[in-house]
Amino acid sequence: MQAIRITRRAATRTLAAALMAASLPVAALAEDTVKIGVILPMTGPSASTGKQVTAAMKLWQAVNGTKAGGKTVEIVVKDDTGVADVTKRLAQELVVNDHVSFLAGFGLTPLALAAAPIATQGKVPMIVSAAATATITEASPYIVRTSFTLPQVTAPAAEQAAKQGWKKAITLVTDYGPGIDAEKTFKERFTATGGEVVAELRVPLKNPDFAPFLQRVADTKPDGVFVFVPSGFGGLFVKQFVERGFDKSGIRLIATGDVLDDDLLDDMGDVVLGVTTTHHYSAAHPSAENKAYVAAFTKANPGLRPNFMSVAGWDAMALVYAALDKTGGATDGTKLVETMKGMSWVSPRGPITIDPATRDIVQNVYVRTVEKVDGHLWNVETSAFEAVKDPVKAAKAAK
Ligand code: VNL
């Protein structure tokens, strides 16, 4: 006992001495450190989003180093547990106590909206690198988005349905912000092609059971069903779709890329071969930038394929670094947001720009088909709509 106590005391003294010796450099270091407070679902049904985004952010630092604008960039990750109130409290703590210069992450729309007032009050840039309801960027002038918007990726899906000869469609979406965006956009665009949406079905976000909704689809017999579910839920949807024999029913399926998410795609099975989706990122995107990204991501995270959430995290870091480089490390939030407006770079997904008018992302949207390549399932891009703006904001601006 005695020996242990002595050892402990000695250890404590050594630690205290070390801290004292280090105290000057530590204070100086704090001045040179810029913190990004990252708030994401790290547990619960959307945990894959937290995992993908943080993995990409860490990879960015492993590849590009930790310095930007002469400062050391430090990432602080917090688990929002999927709850809006928790998100708001964490954002407040990160701004007030941890003095973060950026907030980032935000996996689900209601949680991003809960944090927006904190960004505004604290004048802290809030990089939304997941949530995708069109209106999010309007919730604070400090929000800049590196993910996508549902109207942006859904409009091409409706055109694709018309091209496949659909006359009657049903929409089936998760019942909250991004789902409603997808439902409205699909209906507007599909109707414009002369088609008709004969039923609009909304599935709860919590504990979804698609079976009764799929029964409605089977009974109505449309030419096809358009689907949106958030990242992480596509596996369950496909399972229930197949269980009800839809793959053999003649009823077609078109979805946003959230449904055939790269995080889950390879485990969905051959039943999804040939399914068309529209989205801004596929791990199969055939550019040199993306090949390097996928190789580095997979090496750093064995068994994990990067999905569209990851690439938004990667680009959030690209944006933070570019902004800090441009301000020479100055962290005034208003100035940083101004600096970000209009920035353009080549992402693993293709060329992207921060729209200076809306702070939303302008990017290519790809039409993809599931194919088997070397024994694995991939969303293979077959065509692209270039430099697509969020159509909701573009329509508002045109008025
Ligand atoms: C949202 C939109 C979330 C699309 C998603 O996955 C997604 C959102 C978590 O805005 O809440 O794929």
# chains A, B, ... in the order shown; residues from 1 in each chain; ligands from 1
call {"tool": "residues_near_ligand", "arguments": {"ligand": "ligand 1", "cutoff": "8 Å", "atoms": "only C-alpha atoms and all ligand atoms", "output": "list in words"}}
result
Ser46, Thr49, Gly107, Leu108, Thr109, Pro110, Leu111, Ala130, Ala131, Ala132, Thr133, Thr149, Leu150, Tyr176, Gly177, Pro178, Gly179, Val229, Pro230, Ser231, Gly232, Asp258, Val259 and Met309 of chain A
call {"tool": "select_by_dssp", "arguments": {"residues": "range 263-330 of chain A", "states": "alpha helix (DSSP H)", "output": "number ranges by chain"}}
result
A: 288-300, 308-327
call {"tool": "residues_around", "arguments": {"residues": "range 287-299 of chain A", "least_positions_apart": "2", "cutoff": "10 Å", "atoms": "only C-alpha atoms", "output": "count of residues only"}}
result
28
call {"tool": "residues_around", "arguments": {"residues": "Lys393 in chain A", "least_positions_apart": "4", "cutoff": "8 Å", "atoms": "only C-alpha atoms", "output": "PyMOL selection string"}}
result
chain A and resi 134+358+389+397
call {"tool": "write_last_selection", "arguments": {"atoms": "all heavy atoms", "output": "CSV table (one decimal), in the first residue's frame"}}
result
chain,number,residue,atom,x,y,z
A,134,ALA,N,-34.1,22.6,-47.9
A,134,ALA,CA,-33.7,23.7,-48.6
A,134,ALA,C,-33.6,25.0,-47.7
A,134,ALA,O,-32.7,25.8,-47.8
A,134,ALA,CB,-34.7,24.0,-49.8
A,358,THR,N,-26.7,32.9,-51.6
A,358,THR,CA,-27.5,32.0,-50.7
A,358,THR,C,-26.7,31.3,-49.6
A,358,THR,O,-27.3,30.7,-48.7
A,358,THR,CB,-28.3,31.0,-51.5
A,358,THR,OG1,-27.4,30.1,-52.1
A,358,THR,CG2,-29.2,31.7,-52.5
A,389,LYS,N,-28.1,24.7,-58.9
A,389,LYS,CA,-28.4,25.5,-57.7
A,389,LYS,C,-29.6,24.9,-57.0
A,389,LYS,O,-30.4,24.2,-57.6
A,389,LYS,CB,-28.7,27.0,-58.0
A,389,LYS,CG,-27.5,27.8,-58.5
A,389,LYS,CD,-28.0,29.2,-58.7
A,389,LYS,CE,-26.8,30.1,-59.1
A,389,LYS,NZ,-27.1,31.5,-59.1
A,397,ALA,N,-35.4,33.9,-56.1
A,397,ALA,CA,-34.6,35.0,-56.6
A,397,ALA,C,-35.1,35.5,-57.9
A,397,ALA,O,-34.9,36.7,-58.2
A,397,ALA,CB,-33.1,34.5,-56.7
call {"tool": "closest_residue", "arguments": {"among": "A:Gln215, A:Thr66, A:Thr334, A:Gln240", "to": "Val144 in chain A", "atoms": "only C-alpha atoms"}}
result
A:Thr334
call {"tool": "residues_around", "arguments": {"residues": "Lys239 in chain A", "least_positions_apart": "4", "cutoff": "8 Å", "atoms": "only C-alpha atoms", "output": "PDB file with C-alpha atoms, in the first residue's frame"}}
result
ATOM      1  CA  GLY A 235     -31.377  -0.841 -45.912  1.00  0.00           C
ATOM      2  CA  GLU A 243     -40.182  -8.809 -48.931  1.00  0.00           C
ATOM      3  CA  MET A 268     -28.415  -4.577 -50.210  1.00  0.00           C
TER       4      MET A 268
END
call {"tool": "select_by_dssp", "arguments": {"residues": "range 190-336 of chain A", "states": "strand (DSSP E or B)", "output": "PyMOL selection string"}}
result
chain A and resi 196-203+224-228+252-256+276-279
call {"tool": "write_last_selection", "arguments": {"atoms": "C-alpha atoms", "output": "compact mmCIF listing (two decimals), in the first residue's frame"}}
result
# COMPACT_ATOMS: atom_id res chain seq x y z
CA GLU A 196 -49.64 12.53 -62.41
CA VAL A 197 -48.80 11.86 -58.74
CA VAL A 198 -51.70 9.70 -57.59
CA ALA A 199 -50.72 9.40 -53.89
CA GLU A 200 -48.27 11.12 -51.56
CA LEU A 201 -47.25 8.83 -48.71
CA ARG A 202 -45.30 9.98 -45.64
CA VAL A 203 -43.57 7.50 -43.33
CA GLY A 224 -43.43 3.70 -60.34
CA VAL A 225 -42.69 4.94 -56.86
CA PHE A 226 -40.33 7.79 -56.00
CA VAL A 227 -38.66 7.40 -52.61
CA PHE A 228 -36.68 9.50 -50.14
CA ARG A 252 -40.49 0.76 -60.90
CA LEU A 253 -38.39 2.49 -58.28
CA ILE A 254 -36.57 5.82 -58.54
CA ALA A 255 -34.99 7.36 -55.47
CA THR A 256 -32.62 10.03 -54.28
CA THR A 276 -31.91 4.58 -60.87
CA THR A 277 -31.08 7.25 -58.29
CA THR A 278 -30.10 10.91 -58.56
CA HIS A 279 -27.53 12.51 -56.25
call {"tool": "residues_around", "arguments": {"residues": "Ala114 in chain A", "least_positions_apart": "5", "cutoff": "8 Å", "atoms": "only C-alpha atoms", "output": "CSV table (one decimal) with all heavy atoms, in the first residue's frame"}}
result
chain,number,residue,atom,x,y,z
A,84,ALA,N,-32.9,17.6,-30.7
A,84,ALA,CA,-32.7,19.0,-31.0
A,84,ALA,C,-32.2,19.8,-29.8
A,84,ALA,O,-31.3,20.7,-29.9
A,84,ALA,CB,-34.0,19.6,-31.6
A,85,ASP,N,-32.9,19.6,-28.6
A,85,ASP,CA,-32.5,20.4,-27.4
A,85,ASP,C,-31.0,20.1,-27.0
A,85,ASP,O,-30.3,21.0,-26.6
A,85,ASP,CB,-33.4,20.0,-26.2
A,85,ASP,CG,-34.8,20.6,-26.4
A,85,ASP,OD1,-34.9,21.5,-27.3
A,85,ASP,OD2,-35.7,20.2,-25.7
A,87,THR,N,-28.6,19.3,-29.1
A,87,THR,CA,-27.8,20.1,-30.1
A,87,THR,C,-27.7,21.5,-29.7
A,87,THR,O,-26.6,22.1,-29.8
A,87,THR,CB,-28.5,20.0,-31.5
A,87,THR,OG1,-28.6,18.6,-31.8
A,87,THR,CG2,-27.8,20.7,-32.6
A,88,LYS,N,-28.8,22.1,-29.3
A,88,LYS,CA,-28.8,23.6,-29.0
A,88,LYS,C,-27.9,23.8,-27.8
A,88,LYS,O,-27.0,24.7,-27.8
A,88,LYS,CB,-30.2,24.1,-28.7
A,88,LYS,CG,-30.2,25.5,-28.5
A,88,LYS,CD,-31.7,26.1,-28.6
A,88,LYS,CE,-31.6,27.6,-28.6
A,88,LYS,NZ,-32.9,28.2,-28.6
call {"tool": "closest_residue", "arguments": {"among": "A:Gln121, A:Asn379, A:Thr171, A:Gln160", "to": "Tyr142 in chain A", "atoms": "only C-alpha atoms"}}
result
A:Gln121
call {"tool": "atom_distance", "arguments": {"atom1": "CA of Trp166 in chain A", "atom2": "CA of Gly195 in chain A"}}
result
7.0 Å
call {"tool": "residues_around", "arguments": {"residues": "Val272 in chain A", "least_positions_apart": "3", "cutoff": "10 Å", "atoms": "only C-alpha atoms", "output": "number ranges by chain"}}
result
A: 238, 242, 247, 253, 260, 265-266, 268-269, 275-276, 369-371, 377
call {"tool": "write_last_selection", "arguments": {"atoms": "C-alpha atoms", "output": "short mmCIF file (atom, residue, chain, number, x, y, z; two decimals), in the first residue's frame"}}
result
data_model
loop_
_atom_site.label_atom_id
_atom_site.label_comp_id
_atom_site.auth_asym_id
_atom_site.auth_seq_id
_atom_site.Cartn_x
_atom_site.Cartn_y
_atom_site.Cartn_z
CA VAL A 238 -35.07 -2.08 -49.55
CA VAL A 242 -38.19 -6.93 -51.60
CA ASP A 247 -38.66 -6.21 -57.40
CA LEU A 253 -38.39 2.49 -58.28
CA LEU A 260 -29.09 3.60 -52.04
CA LEU A 265 -25.37 -0.30 -50.88
CA ASP A 266 -23.01 -3.26 -51.11
CA MET A 268 -28.42 -4.58 -50.21
CA GLY A 269 -28.00 -7.47 -52.61
CA VAL A 275 -32.21 0.91 -59.90
CA THR A 276 -31.91 4.58 -60.87
CA THR A 369 -27.65 3.12 -62.03
CA VAL A 370 -26.66 0.30 -59.69
CA GLU A 371 -24.16 -2.00 -61.37
CA LEU A 377 -22.48 -2.95 -56.05
#
